[in-house]
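Peer 1: Just one file: protein15.cif, with mmCIF, C-alpha atoms.
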data_upload
#
loop_
_atom_site.group_PDB
_atom_site.id
_atom_site.type_symbol
_atom_site.label_atom_id
_atom_site.label_comp_id
_atom_site.auth_asym_id
_atom_site.auth_seq_id
_atom_site.Cartn_x
_atom_site.Cartn_y
_atom_site.Cartn_z
ATOM 1 C CA MET A 1 0.000 0.000 0.000
ATOM 2 C CA VAL A 2 2.513 2.578 -1.200
ATOM 3 C CA VAL A 3 -0.266 5.119 -1.689
ATOM 4 C CA LEU A 4 -1.459 4.661 1.896
ATOM 5 C CA ALA A 5 2.073 5.271 3.192
ATOM 6 C CA ALA A 6 2.462 8.387 1.032
ATOM 7 C CA VAL A 7 -0.854 9.818 2.174
ATOM 8 C CA LEU A 8 0.061 9.125 5.802
ATOM 9 C CA ALA A 9 3.358 10.951 5.370
ATOM 10 C CA LEU A 10 1.631 13.958 3.790
ATOM 11 C CA GLY A 11 -1.022 14.157 6.479
ATOM 12 C CA CYS A 12 0.980 14.213 9.691
ATOM 13 C CA ASP A 13 0.116 17.784 10.757
ATOM 14 C CA ARG A 14 -2.081 17.117 13.828
ATOM 15 C CA SER A 15 -2.719 20.850 14.248
ATOM 16 C CA ALA A 16 -4.370 21.216 10.827
ATOM 17 C CA THR A 17 -8.119 21.750 10.688
ATOM 18 C CA GLY A 18 -10.638 21.442 7.896
ATOM 19 C CA LEU A 19 -10.533 19.144 4.902
ATOM 20 C CA GLN A 20 -6.952 18.023 4.243
ATOM 21 C CA PRO A 21 -6.087 16.092 1.073
ATOM 22 C CA GLY A 22 -6.002 12.362 1.787
ATOM 23 C CA ILE A 23 -6.790 12.518 5.507
ATOM 24 C CA SER A 24 -9.781 12.958 7.769
ATOM 25 C CA SER A 25 -10.087 16.367 9.449
ATOM 26 C CA SER A 26 -10.570 14.790 12.882
ATOM 27 C CA CYS A 27 -10.113 11.439 14.582
ATOM 28 C CA THR A 28 -10.909 10.451 18.162
ATOM 29 C CA VAL A 29 -10.547 6.899 19.484
ATOM 30 C CA THR A 30 -12.051 5.641 22.734
ATOM 31 C CA LEU A 31 -11.068 2.389 24.455
ATOM 32 C CA SER A 32 -13.278 0.601 26.976
ATOM 33 C CA GLY A 33 -12.992 -2.708 28.777
ATOM 34 C CA ALA A 34 -9.570 -3.995 29.811
ATOM 35 C CA VAL A 35 -7.951 -0.646 28.874
ATOM 36 C CA THR A 36 -9.765 2.689 28.925
ATOM 37 C CA GLY A 37 -9.151 6.186 27.602
ATOM 38 C CA THR A 38 -9.864 8.627 24.783
ATOM 39 C CA TYR A 39 -7.111 9.776 22.395
ATOM 40 C CA ASP A 40 -6.477 11.911 19.314
ATOM 41 C CA CYS A 41 -5.862 9.527 16.418
ATOM 42 C CA ARG A 42 -5.153 12.030 13.625
ATOM 43 C CA PRO A 43 -4.268 11.594 10.884
ATOM 44 C CA ALA A 44 -6.730 8.933 9.792
ATOM 45 C CA THR A 45 -5.875 8.060 6.197
ATOM 46 C CA THR A 46 -7.859 6.378 3.460
ATOM 47 C CA ALA A 47 -6.316 5.416 0.127
ATOM 48 C CA TRP A 48 -6.701 3.179 -2.919
ATOM 49 C CA SER A 49 -3.847 1.513 -4.818
ATOM 50 C CA ALA A 50 -4.077 1.190 -8.604
ATOM 51 C CA PHE A 51 -1.445 -1.577 -8.498
ATOM 52 C CA ASP A 52 -3.641 -4.164 -6.789
ATOM 53 C CA ASN A 53 -7.082 -2.477 -6.614
ATOM 54 C CA THR A 54 -7.089 -2.403 -2.810
ATOM 55 C CA GLY A 55 -8.417 0.291 -0.539
ATOM 56 C CA GLY A 56 -7.092 0.893 2.938
ATOM 57 C CA PHE A 57 -7.845 2.820 6.119
ATOM 58 C CA SER A 58 -5.368 3.421 8.933
ATOM 59 C CA PHE A 59 -4.461 5.480 11.961
ATOM 60 C CA ALA A 60 -2.088 5.159 14.901
ATOM 61 C CA VAL A 61 -1.627 6.516 18.414
ATOM 62 C CA ILE A 62 1.951 6.501 19.666
ATOM 63 C CA SER A 63 2.494 4.972 23.116
ATOM 64 C CA SER A 64 3.674 7.441 25.739
ATOM 65 C CA GLY A 65 3.626 6.951 29.501
ATOM 66 C CA ALA A 66 0.188 5.602 30.462
ATOM 67 C CA ARG A 67 -1.133 6.112 26.904
ATOM 68 C CA PRO A 68 -1.231 2.766 25.060
ATOM 69 C CA GLY A 69 -0.034 2.319 21.515
ATOM 70 C CA ILE A 70 -2.940 1.867 19.096
ATOM 71 C CA ALA A 71 -2.521 0.778 15.485
ATOM 72 C CA THR A 72 -5.200 0.125 12.881
ATOM 73 C CA ALA A 73 -4.893 -1.020 9.278
ATOM 74 C CA ILE A 74 -7.888 -2.305 7.325
ATOM 75 C CA VAL A 75 -7.717 -3.358 3.662
ATOM 76 C CA TRP A 76 -10.454 -4.348 1.175
ATOM 77 C CA LEU A 77 -10.845 -4.829 -2.589
ATOM 78 C CA GLY A 78 -11.759 -1.748 -4.616
ATOM 79 C CA GLU A 79 -12.019 1.965 -3.934
ATOM 80 C CA PRO A 80 -13.637 3.131 -0.697
ATOM 81 C CA THR A 81 -17.323 4.007 -0.846
ATOM 82 C CA THR A 82 -19.992 5.102 1.613
ATOM 83 C CA ARG A 83 -20.747 1.703 3.102
ATOM 84 C CA THR A 84 -19.784 -0.574 5.970
ATOM 85 C CA TYR A 85 -16.753 -2.871 5.766
ATOM 86 C CA THR A 86 -16.473 -5.763 8.254
ATOM 87 C CA ASN A 87 -14.206 -8.660 9.130
ATOM 88 C CA ALA A 88 -16.769 -10.966 7.433
ATOM 89 C CA ASP A 89 -16.279 -9.406 3.955
ATOM 90 C CA SER A 90 -14.602 -11.597 1.364
ATOM 91 C CA ALA A 91 -10.930 -10.627 0.924
ATOM 92 C CA ALA A 92 -11.004 -8.565 4.157
ATOM 93 C CA GLN A 93 -7.626 -7.997 5.763
ATOM 94 C CA ALA A 94 -7.000 -6.184 9.021
ATOM 95 C CA ASP A 95 -4.599 -5.707 11.887
ATOM 96 C CA LEU A 96 -5.796 -3.660 14.852
ATOM 97 C CA SER A 97 -3.828 -3.634 18.079
ATOM 98 C CA VAL A 98 -3.641 -2.004 21.479
ATOM 99 C CA THR A 99 -0.404 -2.406 23.443
ATOM 100 C CA THR A 100 0.273 -1.067 26.933
ATOM 101 C CA SER A 101 3.617 0.157 28.281
ATOM 102 C CA SER A 102 4.000 -3.249 29.990
ATOM 103 C CA ASN A 103 3.646 -4.941 26.557
ATOM 104 C CA GLN A 104 0.218 -6.439 27.208
ATOM 105 C CA SER A 105 -1.570 -6.704 23.858
ATOM 106 C CA TRP A 106 -5.069 -7.005 22.423
ATOM 107 C CA LEU A 107 -5.433 -7.807 18.727
ATOM 108 C CA VAL A 108 -7.782 -8.131 15.765
ATOM 109 C CA THR A 109 -6.258 -10.093 12.890
ATOM 110 C CA VAL A 110 -8.201 -10.963 9.745
ATOM 111 C CA GLY A 111 -7.015 -12.510 6.477
ATOM 112 C CA GLN A 112 -3.360 -12.998 7.318
ATOM 113 C CA GLY A 113 -3.206 -16.725 6.619
ATOM 114 C CA SER A 114 -3.961 -17.640 10.226
ATOM 115 C CA ALA A 115 -7.129 -17.986 12.255
ATOM 116 C CA ALA A 116 -9.035 -14.709 12.510
ATOM 117 C CA THR A 117 -9.288 -13.079 15.931
ATOM 118 C CA GLY A 118 -11.623 -10.302 17.028
ATOM 119 C CA SER A 119 -14.008 -8.308 14.865
ATOM 120 C CA TYR A 120 -14.455 -4.851 13.365
ATOM 121 C CA SER A 121 -16.993 -2.693 11.534
ATOM 122 C CA LEU A 122 -15.776 0.319 9.535
ATOM 123 C CA THR A 123 -18.474 2.661 8.212
ATOM 124 C CA PHE A 124 -17.782 5.531 5.827
ATOM 125 C CA THR A 125 -20.527 8.182 5.807
ATOM 126 C CA SER A 126 -18.545 10.516 3.520
ATOM 127 C CA VAL A 127 -15.779 9.719 1.027
ATOM 128 C CA VAL A 128 -14.113 12.577 -0.890
ATOM 129 C CA ASN A 129 -11.367 11.789 -3.437
ATOM 130 C CA ASN A 130 -8.966 14.717 -3.240
ATOM 131 C CA ILE A 131 -5.628 13.224 -4.271
ATOM 132 C CA THR A 132 -5.343 11.409 -7.591
ATOM 133 C CA GLN A 133 -2.049 10.037 -8.877
ATOM 134 C CA GLN A 134 -1.117 7.397 -11.431
ATOM 135 C CA THR A 135 -0.459 4.940 -8.580
ATOM 136 C CA GLY A 136 -3.733 5.521 -6.740
ATOM 137 C CA LYS A 137 -5.961 7.927 -4.860
ATOM 138 C CA GLY A 138 -6.218 9.502 -1.421
ATOM 139 C CA TYR A 139 -9.485 10.341 0.317
ATOM 140 C CA SER A 140 -10.774 12.517 3.114
ATOM 141 C CA THR A 141 -13.401 10.439 4.883
ATOM 142 C CA GLU A 142 -15.868 10.667 7.726
ATOM 143 C CA GLY A 143 -17.326 7.746 9.631
ATOM 144 C CA THR A 144 -16.859 5.352 12.515
ATOM 145 C CA LEU A 145 -14.858 2.270 13.406
ATOM 146 C CA THR A 146 -15.857 -0.170 16.132
ATOM 147 C CA ALA A 147 -13.816 -3.225 17.005
ATOM 148 C CA THR A 148 -13.617 -5.915 19.659
ATOM 149 C CA LEU A 149 -10.036 -6.874 20.440
ATOM 150 C CA PRO A 150 -9.422 -10.060 22.454
ATOM 151 C CA ALA A 151 -6.388 -10.351 24.699
ATOM 152 C CA VAL A 152 -3.180 -11.964 23.474
ATOM 153 C CA ALA A 153 -2.776 -14.397 26.377
ATOM 154 C CA SER A 154 0.971 -14.867 25.836
ATOM 155 C CA SER A 155 1.451 -11.121 26.506
ATOM 156 C CA GLY A 156 -0.147 -11.404 29.957
ATOM 157 C CA ALA A 157 -3.235 -9.481 28.836
ATOM 158 C CA THR A 158 -6.736 -10.542 29.869
ATOM 159 C CA GLY A 159 -10.275 -9.583 28.867
ATOM 160 C CA THR A 160 -11.278 -7.661 25.776
ATOM 161 C CA ILE A 161 -11.104 -4.074 24.586
ATOM 162 C CA THR A 162 -13.832 -2.298 22.662
ATOM 163 C CA LEU A 163 -12.323 0.312 20.333
ATOM 164 C CA THR A 164 -14.589 3.051 18.990
ATOM 165 C CA ALA A 165 -13.232 5.708 16.634
ATOM 166 C CA THR A 166 -14.973 8.667 15.040
ATOM 167 C CA PHE A 167 -13.248 10.381 12.157
#
Here is a file; write its structure as structure tokens.
Peer 2:
Amino acid sequence: MVVLAAVLALGCDRSATGLQPGISSSCTVTLSGAVTGTYDCRPATTAWSAFDNTGGFSFAVISSGARPGIATAIVWLGEPTTRTYTNADSAAQADLSVTTSSNQSWLVTVGQGSAATGSYSLTFTSVVNNITQQTGKGYSTEGTLTATLPAVASSGATGTITLTATF
């Protein structure tokens, strides 16, 4: 997902407001369950790659002190549209994780050649193509992401985390 990486690099100004090419103007993620808190998750990026006809959505929160690290990457076939994408879609691929400073982890993994864990639902209510290149497109999007992340027992984590993001 070269396009997704390029859009992410272009959209790293967390202080920017309004519609920014290739990124969502806001992003807030809330964790409940085994880990709790609300964090700024800008930039949330959405892109489509012309090389393999895959769309992708991602954001990250960098771990710092008591703030856990949060990483999301969801991939599907085709360009993004105003609809809901889930872990049950054919060709769905996703990695969503929450990791504490003590390295306890909770994870959603879908379509990586191993047994799927957890679940997610990504809904786009607005999709605006505002970066077009020969290699793909970048989008400013609005919507929600909800996910249930089970504990990775080998990390010492227990319980589940519900992740809810609005972007």
Peer 1: Taking into account all atoms listed in the file, which residue in the set A:Pro43, A:Gly65, A:Gly156, A:Gly78 is nearest to Cys27 (chain A)?
Peer 2: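 Smallest separation from Cys27 (chain A) among the options: A:Pro43.
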Peer 1: Please compute the CA of Thr146 (chain A)-CA of Thr164 (chain A) distance, one decimal, in Å.
Peer 2: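 Computed distance, CA of Thr146 (chain A) to CA of Thr164 (chain A), equals 4.5 Å.
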Peer 1: When you draw a straight line from CA of Ile70 (chain A) to CA of Pro21 (chain A), how long is it in Å?
Peer 2: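 Between CA of Ile70 (chain A) and CA of Pro21 (chain A) the gap works out to 23.2 Å.
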Peer 1: List as a VMD selection string: which residues have an atom within 8 Å of (-2.3, 6.7, 17.7), counting all atoms listed in the file?
Peer 2: chain A and resid 39 to 42 59 to 63 69 to 71
Peer 1: Apply the PyMOL selection byres ((chain A and resi 124) around 9) to the displayed file and report the matching residues as number ranges by chain.
Peer 2: A: 80-85, 122-123, 125-127, 141-145
Peer 1: Could you jot down the CA of Gly33 (chain A) to CA of Gly56 (chain A) separation for me, Å, one decimal place?
Peer 2: 26.7 Å
Peer 1: So that I can see what lies close to Ala153 (chain A), please list as a ChimeraX atom specification the residues with an atom at most 9 Å from it, counting all atoms listed in the file and leaving out residues fewer than 4 positions away in the same chain.
Peer 2: /A:104-106,157-158
Peer 1: Using all atoms listed in the file for the distances, tell me which of A:Thr148, A:Ser58, A:Thr117, A:Ser155 is nearest to Ser102 (chain A).
Peer 2: A:Ser155
Peer 1: On this file, the PyMOL selection byres ((chain A and resi 160-162) around 10) gives some set of residues; write that set as a list in words.
Peer 2: Thr30, Leu31, Ser32, Gly33, Ala34, Val35, Thr36, Ser97, Val98, Ser105, Trp106, Leu107, Gly118, Ser119, Tyr120, Thr146, Ala147, Thr148, Leu149, Pro150, Ala151, Val152, Ala157, Thr158, Gly159, Leu163 and Thr164 of chain A
Peer 1: Considering all atoms listed in the file, state which residue in the set A:Thr38, A:Asp95, A:Ile23, A:Ala73 is at the smallest distance from Gly55 (chain A).
Peer 2: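 Selected residue with least distance to Gly55 (chain A): A:Ala73.
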Peer 1: Of the candidates A:Ala91, A:Ser140, A:Glu79, A:Asn129, which one gets nearest to Ser49 (chain A) if we count all atoms listed in the file?
Peer 2: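 That would be A:Glu79, the residue with the smallest distance to Ser49 (chain A).
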Peer 1: Between A:Ser90, A:Thr166, A:Asn53, A:Asn130, which is the closest to Val110 (chain A) once you count all atoms listed in the file?
Peer 2: A:Ser90
Peer 1: For the structure provided, state which residues fall under the PyMOL selection byres ((chain A and resi 137) around 10), and present them as a list in words.
Peer 2: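 Checking the PyMOL selection byres ((chain A and resi 137) around 10) against this file, the residues are Val3, Leu4, Val7, Gly22, Thr46, Ala47, Trp48, Ser49, Ala50, Gly55, Glu79, Pro80, Asn129, Asn130, Ile131, Thr132, Gln133, Gln134, Thr135, Gly136, Gly138 and Tyr139 of chain A.
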Peer 1: Which residue gives the smallest distance to Ala44 (chain A) among A:Leu96, A:Leu77, A:Ala165, A:Ala116, with all atoms listed in the file counted?
Peer 2: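 That would be A:Ala165, the residue with the smallest distance to Ala44 (chain A).
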